[in-house]
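Next comes query_26.cif, with mmCIF, C-alpha atoms.
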data_coords
loop_
_atom_site.group_PDB
_atom_site.id
_atom_site.type_symbol
_atom_site.label_atom_id
_atom_site.label_comp_id
_atom_site.auth_asym_id
_atom_site.auth_seq_id
_atom_site.Cartn_x
_atom_site.Cartn_y
_atom_site.Cartn_z
ATOM 1 C CA MET A 1 5.361 8.981 -13.471
ATOM 2 C CA LEU A 2 1.607 9.055 -13.821
ATOM 3 C CA THR A 3 -0.209 11.938 -12.160
ATOM 4 C CA ILE A 4 -3.987 11.789 -11.719
ATOM 5 C CA ALA A 5 -5.735 14.595 -9.836
ATOM 6 C CA GLY A 6 -2.483 15.556 -8.136
ATOM 7 C CA THR A 7 -1.638 12.016 -7.002
ATOM 8 C CA THR A 8 1.510 10.524 -8.464
ATOM 9 C CA PHE A 9 2.006 6.862 -9.354
ATOM 10 C CA GLN A 10 5.175 5.097 -10.467
ATOM 11 C CA SER A 11 3.267 2.447 -12.367
ATOM 12 C CA HIS A 12 1.420 3.191 -15.603
ATOM 13 C CA LEU A 13 -0.582 -0.024 -15.324
ATOM 14 C CA LEU A 14 -3.984 -0.249 -13.625
ATOM 15 C CA LEU A 15 -5.359 -3.664 -12.832
ATOM 16 C CA GLY A 16 -8.925 -4.922 -12.727
ATOM 17 C CA SER A 17 -9.524 -7.495 -10.009
ATOM 18 C CA GLY A 18 -12.252 -9.549 -11.736
ATOM 19 C CA LYS A 19 -12.225 -13.053 -13.217
ATOM 20 C CA PHE A 20 -9.264 -14.435 -11.273
ATOM 21 C CA GLN A 21 -9.507 -18.001 -10.019
ATOM 22 C CA SER A 22 -9.126 -16.914 -6.407
ATOM 23 C CA ALA A 23 -8.609 -13.808 -4.316
ATOM 24 C CA GLN A 24 -5.108 -15.045 -3.579
ATOM 25 C CA GLN A 25 -4.233 -15.385 -7.246
ATOM 26 C CA MET A 26 -5.539 -11.867 -7.851
ATOM 27 C CA GLN A 27 -3.335 -10.512 -5.069
ATOM 28 C CA GLN A 28 -0.288 -12.315 -6.474
ATOM 29 C CA ALA A 29 -1.048 -10.808 -9.879
ATOM 30 C CA VAL A 30 -1.321 -7.358 -8.314
ATOM 31 C CA ILE A 31 2.131 -7.797 -6.796
ATOM 32 C CA ALA A 32 3.636 -9.146 -10.034
ATOM 33 C CA SER A 33 2.105 -6.324 -12.081
ATOM 34 C CA GLY A 34 3.576 -3.595 -9.886
ATOM 35 C CA CYS A 35 0.309 -1.679 -10.255
ATOM 36 C CA GLU A 36 -0.764 0.876 -7.694
ATOM 37 C CA LEU A 37 -4.437 1.250 -8.623
ATOM 38 C CA VAL A 38 -6.832 -1.700 -8.548
ATOM 39 C CA THR A 39 -10.466 -1.576 -9.613
ATOM 40 C CA LEU A 40 -13.261 -3.250 -7.654
ATOM 41 C CA ALA A 41 -17.000 -3.545 -8.058
ATOM 42 C CA LEU A 42 -19.908 -3.259 -5.661
ATOM 43 C CA LYS A 43 -22.557 -5.925 -5.285
ATOM 44 C CA ARG A 44 -25.601 -6.565 -3.119
ATOM 45 C CA LEU A 45 -24.591 -8.824 -0.265
ATOM 46 C CA GLN A 46 -26.161 -12.276 -0.307
ATOM 47 C CA PRO A 47 -27.099 -13.040 3.313
ATOM 48 C CA GLY A 48 -25.707 -16.376 4.410
ATOM 49 C CA GLN A 49 -23.098 -16.577 1.679
ATOM 50 C CA PRO A 50 -19.430 -16.339 2.622
ATOM 51 C CA GLN A 51 -17.969 -12.891 2.128
ATOM 52 C CA ASP A 52 -14.487 -12.542 0.722
ATOM 53 C CA ASP A 53 -12.865 -9.548 2.330
ATOM 54 C CA LEU A 54 -11.067 -7.928 -0.602
ATOM 55 C CA TYR A 55 -10.525 -4.628 1.112
ATOM 56 C CA SER A 56 -8.002 -5.549 3.797
ATOM 57 C CA PRO A 57 -5.589 -7.713 1.744
ATOM 58 C CA LEU A 58 -5.427 -5.144 -1.070
ATOM 59 C CA LYS A 59 -4.915 -2.304 1.368
ATOM 60 C CA ALA A 60 -2.137 -4.354 2.983
ATOM 61 C CA LEU A 61 -0.421 -4.490 -0.429
ATOM 62 C CA GLY A 62 -0.350 -0.707 -0.425
ATOM 63 C CA VAL A 63 -2.443 -0.247 -3.571
ATOM 64 C CA GLN A 64 -5.116 2.384 -3.983
ATOM 65 C CA LEU A 65 -8.619 1.020 -4.522
ATOM 66 C CA LEU A 66 -10.679 2.334 -7.410
ATOM 67 C CA PRO A 67 -14.335 1.285 -7.147
ATOM 68 C CA ASN A 68 -16.387 1.156 -10.328
ATOM 69 C CA THR A 69 -20.065 1.688 -11.057
ATOM 70 C CA SER A 70 -20.496 -1.532 -12.993
ATOM 71 C CA GLY A 71 -24.145 -2.527 -13.140
ATOM 72 C CA ALA A 72 -25.372 1.043 -13.554
ATOM 73 C CA ARG A 73 -27.461 1.515 -16.695
ATOM 74 C CA THR A 74 -28.215 5.207 -16.332
ATOM 75 C CA ALA A 75 -26.557 8.330 -14.956
ATOM 76 C CA GLU A 76 -28.922 8.258 -12.012
ATOM 77 C CA GLU A 77 -27.951 4.689 -11.114
ATOM 78 C CA ALA A 78 -24.264 5.520 -11.539
ATOM 79 C CA VAL A 79 -24.505 8.419 -9.101
ATOM 80 C CA GLN A 80 -26.186 6.142 -6.548
ATOM 81 C CA ALA A 81 -23.511 3.484 -7.077
ATOM 82 C CA ALA A 82 -20.837 6.150 -6.641
ATOM 83 C CA LEU A 83 -22.227 7.266 -3.297
ATOM 84 C CA LEU A 84 -22.338 3.649 -2.099
ATOM 85 C CA ALA A 85 -18.804 3.026 -3.357
ATOM 86 C CA ARG A 86 -17.498 6.124 -1.614
ATOM 87 C CA GLU A 87 -18.959 4.864 1.651
ATOM 88 C CA ALA A 88 -17.718 1.279 1.181
ATOM 89 C CA VAL A 89 -14.185 2.133 0.110
ATOM 90 C CA GLY A 90 -13.681 5.464 1.813
ATOM 91 C CA THR A 91 -12.461 7.157 -1.358
ATOM 92 C CA ASN A 92 -13.883 9.776 -3.675
ATOM 93 C CA TRP A 93 -12.018 8.241 -6.614
ATOM 94 C CA LEU A 94 -14.336 6.497 -9.025
ATOM 95 C CA LYS A 95 -14.206 4.529 -12.223
ATOM 96 C CA LEU A 96 -17.431 5.628 -13.869
ATOM 97 C CA GLU A 97 -18.858 3.003 -16.183
ATOM 98 C CA ILE A 98 -22.311 2.868 -17.703
ATOM 99 C CA HIS A 99 -22.854 0.113 -20.251
ATOM 100 C CA PRO A 100 -26.518 -0.781 -20.491
ATOM 101 C CA GLU A 101 -26.402 -3.504 -23.133
ATOM 102 C CA PRO A 102 -24.723 -6.830 -22.295
ATOM 103 C CA LYS A 103 -23.647 -8.008 -25.745
ATOM 104 C CA TYR A 104 -20.817 -5.533 -26.367
ATOM 105 C CA LEU A 105 -20.828 -3.642 -23.038
ATOM 106 C CA LEU A 106 -20.229 -0.397 -24.875
ATOM 107 C CA PRO A 107 -20.280 2.758 -22.774
ATOM 108 C CA ASP A 108 -23.373 4.935 -23.108
ATOM 109 C CA PRO A 109 -21.896 8.343 -24.018
ATOM 110 C CA ARG A 110 -24.929 10.446 -23.113
ATOM 111 C CA GLU A 111 -25.432 8.896 -19.679
ATOM 112 C CA THR A 112 -21.690 8.814 -19.001
ATOM 113 C CA LEU A 113 -21.310 12.527 -19.683
ATOM 114 C CA LYS A 114 -24.376 13.343 -17.625
ATOM 115 C CA ALA A 115 -23.136 11.266 -14.680
ATOM 116 C CA ALA A 116 -19.621 12.723 -15.001
ATOM 117 C CA GLU A 117 -20.978 16.270 -14.714
ATOM 118 C CA GLN A 118 -22.988 15.396 -11.614
ATOM 119 C CA LEU A 119 -20.213 13.396 -9.934
ATOM 120 C CA CYS A 120 -17.563 16.051 -10.558
ATOM 121 C CA ALA A 121 -19.921 18.603 -8.987
ATOM 122 C CA LEU A 122 -20.234 16.273 -5.965
ATOM 123 C CA GLY A 123 -16.454 16.290 -5.568
ATOM 124 C CA PHE A 124 -15.635 12.876 -6.984
ATOM 125 C CA VAL A 125 -12.380 12.203 -8.822
ATOM 126 C CA VAL A 126 -13.983 10.739 -11.925
ATOM 127 C CA LEU A 127 -12.222 8.367 -14.301
ATOM 128 C CA PRO A 128 -14.799 7.498 -16.956
ATOM 129 C CA TYR A 129 -14.743 4.377 -19.111
ATOM 130 C CA CYS A 130 -15.821 5.922 -22.390
ATOM 131 C CA SER A 131 -16.166 5.658 -26.129
ATOM 132 C CA ALA A 132 -13.039 6.211 -28.200
ATOM 133 C CA ASP A 133 -14.567 9.410 -29.565
ATOM 134 C CA PRO A 134 -12.263 12.459 -29.435
ATOM 135 C CA LEU A 135 -15.115 14.949 -29.090
ATOM 136 C CA HIS A 136 -16.743 12.941 -26.295
ATOM 137 C CA CYS A 137 -13.426 12.618 -24.456
ATOM 138 C CA LYS A 138 -12.949 16.374 -24.716
ATOM 139 C CA GLN A 139 -16.426 16.928 -23.277
ATOM 140 C CA LEU A 140 -15.644 14.599 -20.357
ATOM 141 C CA GLU A 141 -12.429 16.509 -19.740
ATOM 142 C CA GLN A 142 -14.337 19.801 -19.790
ATOM 143 C CA ALA A 143 -16.854 18.329 -17.340
ATOM 144 C CA GLY A 144 -13.972 18.000 -14.880
ATOM 145 C CA CYS A 145 -12.966 14.355 -15.214
ATOM 146 C CA ALA A 146 -9.512 13.581 -13.820
ATOM 147 C CA ALA A 147 -8.703 11.291 -16.766
ATOM 148 C CA VAL A 148 -10.454 9.694 -19.705
ATOM 149 C CA MET A 149 -10.501 5.947 -20.276
ATOM 150 C CA PRO A 150 -11.468 5.197 -23.878
ATOM 151 C CA LEU A 151 -11.802 1.597 -24.951
ATOM 152 C CA GLY A 152 -9.428 -0.159 -27.315
ATOM 153 C CA ALA A 153 -12.057 -2.807 -28.056
ATOM 154 C CA PRO A 154 -15.073 -4.261 -26.204
ATOM 155 C CA ILE A 155 -14.541 -5.229 -22.544
ATOM 156 C CA GLY A 156 -12.938 -8.634 -22.133
ATOM 157 C CA SER A 157 -12.574 -9.167 -25.898
ATOM 158 C CA ASN A 158 -8.747 -9.239 -25.926
ATOM 159 C CA GLN A 159 -8.839 -7.699 -29.437
ATOM 160 C CA GLY A 160 -6.264 -4.990 -28.816
ATOM 161 C CA LEU A 161 -6.338 -1.394 -30.031
ATOM 162 C CA GLN A 162 -9.075 -1.622 -32.668
ATOM 163 C CA ASN A 163 -9.760 2.099 -32.241
ATOM 164 C CA ARG A 164 -6.152 3.106 -32.836
ATOM 165 C CA ALA A 165 -6.749 6.071 -35.144
ATOM 166 C CA MET A 166 -9.286 7.635 -32.780
ATOM 167 C CA LEU A 167 -7.137 6.894 -29.731
ATOM 168 C CA GLU A 168 -4.280 8.805 -31.372
ATOM 169 C CA ILE A 169 -6.496 11.871 -31.822
ATOM 170 C CA ILE A 170 -7.745 11.592 -28.230
ATOM 171 C CA ILE A 171 -4.166 11.414 -26.952
ATOM 172 C CA GLU A 172 -3.075 14.345 -29.124
ATOM 173 C CA GLN A 173 -5.872 16.568 -27.806
ATOM 174 C CA ALA A 174 -6.098 15.545 -24.142
ATOM 175 C CA ASN A 175 -5.056 17.729 -21.233
ATOM 176 C CA VAL A 176 -5.786 14.946 -18.740
ATOM 177 C CA PRO A 177 -4.266 11.459 -18.623
ATOM 178 C CA VAL A 178 -5.579 9.068 -21.282
ATOM 179 C CA ILE A 179 -5.858 5.539 -19.883
ATOM 180 C CA ILE A 180 -6.700 2.911 -22.475
ATOM 181 C CA ASP A 181 -9.281 0.675 -20.869
ATOM 182 C CA ALA A 182 -10.874 -2.468 -22.248
ATOM 183 C CA GLY A 183 -9.837 -4.709 -25.093
ATOM 184 C CA ILE A 184 -6.115 -4.849 -24.385
ATOM 185 C CA GLY A 185 -5.366 -8.522 -24.943
ATOM 186 C CA ALA A 186 -1.597 -8.932 -25.063
ATOM 187 C CA PRO A 187 1.407 -7.263 -23.464
ATOM 188 C CA SER A 188 2.320 -5.909 -26.914
ATOM 189 C CA ASP A 189 -1.030 -4.065 -27.026
ATOM 190 C CA ALA A 190 -0.062 -2.305 -23.810
ATOM 191 C CA THR A 191 3.353 -1.428 -25.213
ATOM 192 C CA LEU A 192 1.708 0.013 -28.327
ATOM 193 C CA ALA A 193 -0.717 2.064 -26.230
ATOM 194 C CA LEU A 194 2.145 3.643 -24.326
ATOM 195 C CA GLU A 195 4.183 4.163 -27.501
ATOM 196 C CA LEU A 196 1.217 6.011 -29.003
ATOM 197 C CA GLY A 197 1.365 8.385 -26.059
ATOM 198 C CA ALA A 198 -1.246 6.972 -23.695
ATOM 199 C CA SER A 199 -0.583 7.750 -20.044
ATOM 200 C CA ALA A 200 -1.533 4.291 -18.814
ATOM 201 C CA VAL A 201 -3.532 1.162 -19.542
ATOM 202 C CA LEU A 202 -6.132 -0.679 -17.477
ATOM 203 C CA VAL A 203 -5.946 -4.450 -17.882
ATOM 204 C CA ASN A 204 -8.020 -7.228 -16.401
ATOM 205 C CA THR A 205 -9.218 -10.044 -18.665
ATOM 206 C CA ALA A 206 -5.935 -10.382 -20.569
ATOM 207 C CA ILE A 207 -4.198 -11.206 -17.311
ATOM 208 C CA ALA A 208 -6.953 -13.054 -15.438
ATOM 209 C CA SER A 209 -7.925 -15.267 -18.400
ATOM 210 C CA SER A 210 -4.384 -16.245 -19.330
ATOM 211 C CA ARG A 211 -2.987 -19.686 -18.516
ATOM 212 C CA ASP A 212 -0.646 -18.217 -15.896
ATOM 213 C CA PRO A 213 -2.066 -14.926 -14.622
ATOM 214 C CA VAL A 214 0.821 -14.122 -12.304
ATOM 215 C CA SER A 215 3.410 -14.484 -15.080
ATOM 216 C CA MET A 216 1.148 -12.532 -17.427
ATOM 217 C CA ALA A 217 0.895 -9.745 -14.862
ATOM 218 C CA GLN A 218 4.676 -9.551 -14.851
ATOM 219 C CA ALA A 219 4.718 -9.556 -18.659
ATOM 220 C CA PHE A 220 2.361 -6.563 -18.639
ATOM 221 C CA ARG A 221 4.532 -4.799 -16.110
ATOM 222 C CA LEU A 222 7.525 -5.145 -18.432
ATOM 223 C CA ALA A 223 5.474 -4.300 -21.533
ATOM 224 C CA VAL A 224 4.165 -1.088 -20.001
ATOM 225 C CA ALA A 225 7.666 -0.135 -18.855
ATOM 226 C CA ALA A 226 9.002 -0.765 -22.382
ATOM 227 C CA GLY A 227 6.219 1.250 -23.986
ATOM 228 C CA LEU A 228 6.735 4.127 -21.579
ATOM 229 C CA LEU A 229 10.469 4.187 -22.213
ATOM 230 C CA GLY A 230 9.801 4.119 -25.951
ATOM 231 C CA GLN A 231 7.345 6.999 -25.588
ATOM 232 C CA GLN A 232 9.852 9.059 -23.612
ATOM 233 C CA ALA A 233 12.716 8.258 -25.994
ATOM 234 C CA GLY A 234 10.611 9.432 -28.948
ATOM 235 C CA LEU A 235 9.880 7.105 -31.846
ATOM 236 C CA GLY A 236 11.702 7.610 -35.128
ATOM 237 C CA ARG A 237 9.694 8.977 -38.012
ATOM 238 C CA GLN A 238 7.916 6.543 -40.353
ATOM 239 C CA GLN A 239 8.396 7.141 -44.060
ATOM 240 C CA GLN A 240 7.590 5.579 -47.391
ATOM 241 C CA LEU A 241 11.091 5.059 -48.822
ATOM 242 C CA ALA A 242 14.052 3.164 -47.438
ATOM 243 C CA GLN A 243 16.792 5.064 -45.627
ATOM 244 C CA PRO A 244 20.183 3.312 -45.532
ATOM 245 C CA SER A 245 21.541 2.350 -42.156
ATOM 246 C CA SER A 246 25.040 1.740 -43.572
ATOM 247 C CA PRO A 247 27.180 3.938 -45.826
ATOM 248 C CA LEU A 248 26.459 3.426 -49.531
ATOM 249 C CA ALA A 249 28.812 6.074 -50.922
ATOM 250 C CA HIS A 250 31.532 3.765 -52.210
ATOM 251 C CA SER A 251 30.984 0.971 -54.618
ATOM 252 C CA PHE A 252 33.035 -2.161 -54.082
ATOM 253 C CA ALA A 253 33.187 -2.854 -57.815
ATOM 254 C CA ASP A 254 36.456 -0.906 -58.418
ATOM 255 C CA LEU A 255 38.266 -2.342 -55.397
ATOM 256 C CA LEU A 256 38.067 -5.910 -56.491
ATOM 257 C CA ALA A 257 38.502 -5.541 -60.212
ATOM 258 C CA GLY A 258 39.803 -8.742 -61.707
ATOM 259 C CA PHE A 259 39.096 -10.840 -58.625
ATOM 260 C CA SER A 260 37.412 -14.118 -59.371
ATOM 261 C CA MET B 1 -40.136 -6.932 10.089
ATOM 262 C CA LEU B 2 -36.648 -6.586 8.640
ATOM 263 C CA TYR B 3 -36.095 -6.846 4.911
ATOM 264 C CA ILE B 4 -32.480 -7.359 3.921
ATOM 265 C CA ASN B 5 -31.778 -6.883 0.243
ATOM 266 C CA GLN B 6 -35.486 -7.280 -0.462
ATOM 267 C CA GLN B 7 -35.805 -10.570 1.410
ATOM 268 C CA GLU B 8 -37.648 -11.037 4.684
ATOM 269 C CA SER B 9 -35.217 -11.691 7.507
ATOM 270 C CA ALA B 10 -35.850 -13.568 10.745
ATOM 271 C CA LEU B 11 -33.083 -11.624 12.480
ATOM 272 C CA GLU B 12 -33.937 -9.345 15.376
ATOM 273 C CA ALA B 13 -31.686 -6.488 16.344
ATOM 274 C CA ALA B 14 -32.152 -3.352 18.425
ATOM 275 C CA THR B 15 -29.700 -1.323 16.356
ATOM 276 C CA LEU B 16 -27.949 -1.450 12.998
ATOM 277 C CA ALA B 17 -24.671 -2.200 14.744
ATOM 278 C CA GLU B 18 -26.231 -5.281 16.346
ATOM 279 C CA LEU B 19 -27.568 -6.394 12.998
ATOM 280 C CA ALA B 20 -24.148 -5.934 11.388
ATOM 281 C CA GLU B 21 -22.641 -8.121 14.077
ATOM 282 C CA GLN B 22 -25.236 -10.845 13.530
ATOM 283 C CA LEU B 23 -24.577 -10.753 9.785
ATOM 284 C CA ALA B 24 -20.825 -10.864 10.465
ATOM 285 C CA LEU B 25 -20.277 -7.945 8.112
ATOM 286 C CA PRO B 26 -16.611 -7.191 7.411
ATOM 287 C CA ALA B 27 -15.232 -4.152 9.195
ATOM 288 C CA GLN B 28 -14.624 -2.410 5.885
ATOM 289 C CA GLY B 29 -15.815 -2.460 2.316
ATOM 290 C CA ILE B 30 -19.515 -2.271 3.148
ATOM 291 C CA ALA B 31 -22.211 0.279 2.345
ATOM 292 C CA LEU B 32 -25.582 0.125 4.070
ATOM 293 C CA VAL B 33 -28.821 1.824 3.107
ATOM 294 C CA LEU B 34 -31.679 1.938 5.614
ATOM 295 C CA ASN B 35 -35.066 2.996 4.265
ATOM 296 C CA GLN B 36 -33.363 4.659 1.288
ATOM 297 C CA GLN B 37 -30.852 6.532 3.445
ATOM 298 C CA LEU B 38 -27.141 5.786 3.148
ATOM 299 C CA LEU B 39 -25.865 5.495 6.704
ATOM 300 C CA PRO B 40 -22.138 5.610 7.494
ATOM 301 C CA ARG B 41 -20.859 2.968 9.902
ATOM 302 C CA ALA B 42 -20.229 5.628 12.536
ATOM 303 C CA VAL B 43 -23.985 6.027 13.150
ATOM 304 C CA TRP B 44 -24.972 2.339 13.114
ATOM 305 C CA ALA B 45 -24.720 1.981 16.904
ATOM 306 C CA GLN B 46 -27.088 4.908 17.404
ATOM 307 C CA THR B 47 -29.547 3.809 14.738
ATOM 308 C CA ALA B 48 -32.423 1.938 16.373
ATOM 309 C CA LEU B 49 -34.605 -0.566 14.559
ATOM 310 C CA PRO B 50 -37.899 -0.354 16.460
ATOM 311 C CA ASP B 51 -40.253 -3.348 16.066
ATOM 312 C CA SER B 52 -43.200 -1.051 15.465
ATOM 313 C CA THR B 53 -42.363 -0.583 11.814
ATOM 314 C CA ASP B 54 -40.815 -2.378 8.835
ATOM 315 C CA HIS B 55 -37.186 -1.647 7.951
ATOM 316 C CA HIS B 56 -35.791 -2.042 4.465
ATOM 317 C CA ILE B 57 -32.060 -2.558 4.514
ATOM 318 C CA GLU B 58 -29.830 -2.800 1.473
ATOM 319 C CA ILE B 59 -26.277 -3.970 2.034
ATOM 320 C CA PHE B 60 -23.535 -3.723 -0.571
ATOM 321 C CA GLN B 61 -20.068 -5.182 -0.431
ATOM 322 C CA LEU B 62 -16.908 -4.858 -2.470
ATOM 323 C CA VAL B 63 -16.366 -7.659 -4.931
ATOM 324 C CA ALA B 64 -13.772 -8.326 -7.598
ATOM 325 C CA GLY B 65 -14.380 -6.408 -10.806
ATOM 326 C CA GLY B 66 -12.666 -4.732 -13.732
#
Mind turning this structure into C-alpha cells?
Amino acid sequence: MLTIAGTTFQSHLLLGSGKFQSAQQMQQAVIASGCELVTLALKRLQPGQPQDDLYSPLKALGVQLLPNTSGARTAEEAVQAALLAREAVGTNWLKLEIHPEPKYLLPDPRETLKAAEQLCALGFVVLPYCSADPLHCKQLEQAGCAAVMPLGAPIGSNQGLQNRAMLEIIIEQANVPVIIDAGIGAPSDATLALELGASAVLVNTAIASSRDPVSMAQAFRLAVAAGLLGQQAGLGRQQQLAQPSSPLAHSFADLLAGFS
Amino acid sequence: MLYINQQESALEAATLAELAEQLALPAQGIALVLNQQLLPRAVWAQTALPDSTDHHIEIFQLVAGG
C-alpha cells in the first residue's frame, strides 16, 4: 500500500495523461495500468476550439486527479497555477513542477523549494518533481511536502534510472514517499525503482509513446507489482565472490574410481 | 468590451454564468479569472459584466499532461 498525506492507494504506479493518441486510449491505459492517481495539466482555453472534457471520464474511472503546474517558470507562476488548478479540479493535491528551460526540462531547485514552502503554507498537498539531490529532497520534505518526486532521467527521455546512486541515498534518508518521476522508459526500470525501495513511480511517455500503450500500461502494472513484491521480500546481499548453490562437500572422484 | 484570454471578444453577456453558457464551458475542470481575480463557479451567476467598462477574462481548462 502507498500512503500519501494520509490517503492510501493500492497501486504504486502513477500515470501521466499526456501524449496519448486520443482521450479514449489514455483512459484505456489508465484502466490497464491499475493506477489510482493520474496527472493533468492546465492550459488557457482557446475560444472556438473543441474542448475535450477529461475531468468527467477520469472521475468515472474512480481515479484521483493530480493537476500539475507545468508551464510555470518561477515559484510565483507555480503558486498562481496551483490556485487555478485547485479551482479547476477541486483538489488541494498538486504536482509541483518548475522547469524553465525547454531542452532538458530539468527542475529548478531554488524555485521549486520556494514554491513548495509557499504552497504547503497555503494548505496544498505538494508532490514536487525535483532534482535527484538528496539534500534538496530533504529540504522539500522539511518544507512539508507530502512526497518527493526525483527524476530518473530527463522528462520523456526513456533513459531509465540514470541517477541511481543518488536515488538510493534519497530513498534511504526519506521520511515521505519517494516517487521516481521522469525518465522511466521500460517496465524493468519501474521494477528496479521499486526494488531499490522507491514507494512508487510516475510514468507517462514510456507508455504513451510505445507501439501499444494499453499493453504497455499493463506491463508497467505487472512490473511495479513485481518490484514491490521484491522490495517487500528483501533482496539477497550482493557480494564479490561466488557462493555455491549446491553442496560441494563431497568429491565424485573416489566414487567412480576405475570407471571409464 | 470583453477580452477573453487576451483576445477581443464579440460576445455579450450580462453575467459570467451567461458568458460560460455561450462559450459552452464544461461543467467541471475550468478555472476563470476576471480582472485578475479567481472566481469560483458558485459566484458566476451573481457576477455582472457591465458594459460601462472593459473586462479581462482568463479561462483555463484541464488538458492531458504528465
>> Counting all atoms listed in the file, a student should be able to say which residues of chain A come within 7 Å of chain B; what is the right answer, written as a PyMOL selection string?
In response: chain A and resi 16-18+39-45+53-55+84+87-89+204
- request: Please evaluate the PyMOL selection byres ((chain A and resi 158) around 7) against the displayed coordinates and give the resulting residues as a list in words.
  value: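 Output from the PyMOL selection byres ((chain A and resi 158) around 7), applied to this file: Gly156, Ser157, Gln159, Gly160, Gly183, Ile184, Gly185 and Ala206 of chain A.
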For this structure, which residues satisfy the selection - the PyMOL selection byres ((chain A and resi 152) around 10) - when it is evaluated on the file as given? I want them as a VMD selection string.
chain A and resid 131 to 132 149 to 151 153 to 155 157 to 164 166 to 167 180 to 185 189 193 201
- Task: Let me know the residues the PyMOL selection byres ((chain B and resi 44-56) around 9) catches in the file above, as number ranges by chain.
- Result: B: 1-6, 12-18, 20, 33-36, 39-43, 57-58
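Relative to CA of Lys19 in chain A, CA of Arg211 in chain A is found at 12.5 Å.
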Here CA of Glu36 in chain A and CA of Val63 in chain A stand apart by 4.6 Å
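Protein and nucleic acid residues near (-23.8, -3.0, -20.1) are Ser70, Gly71, Ala72, Arg73, Glu97, Ile98, His99, Pro100, Glu101, Pro102, Lys103, Tyr104, Leu105, Leu106, Pro107, Asp108 and Ile155 of chain A, the criterion being any atom at most 10 Å away using all atoms listed in the file.
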Expressed in Å, the length from CA of Ala226 in chain A to CA of Glu172 in chain A is 20.5 Å
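Distances here use only C-alpha atoms; by that measure, the residue among A:Ala115, A:Ala85, A:Ala23, A:Val30 closest to Ile207 in chain A is A:Val30.
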At most 10 Å from (3.5, -5.5, -20.8), file frame, only C-alpha atoms: which residues, as a list in words?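 Those residues, ordered by chain and then number, are Leu13, Ser33, Ala186, Pro187, Ser188, Asp189, Ala190, Thr191, Leu192, Leu194, Val201, Val203, Met216, Ala217, Gln218, Ala219, Phe220, Arg221, Leu222, Ala223, Val224, Ala225, Ala226 and Gly227 of chain A.
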Taking all atoms listed in the file into account, name the residue in A:Ser199, A:Gln139, A:Gln64, A:Thr112 that is nearest to Glu168 in chain A.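 Looking only at the distances to Glu168 in chain A, the closest residue turns out to be A:Ser199.
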- Message: Which residues are near Leu119 in chain A? Cut-off 12 Å, all atoms listed in the file, ignore same chain within fewer than 3 positions. Put them as a ChimeraX atom specification.
- Response: /A:69,75-83,86,92-96,111-116,122-128,140,143-146
Taking every listed atom of range 157-173 of chain A and adding 8 Å to each side, what centre and edge lengths in Å (one decimal) does the axis-aligned box have, as JSON?
{"center_x": -7.8, "center_y": 3.7, "center_z": -30.5, "size_x": 25.5, "size_y": 41.8, "size_z": 25.2}
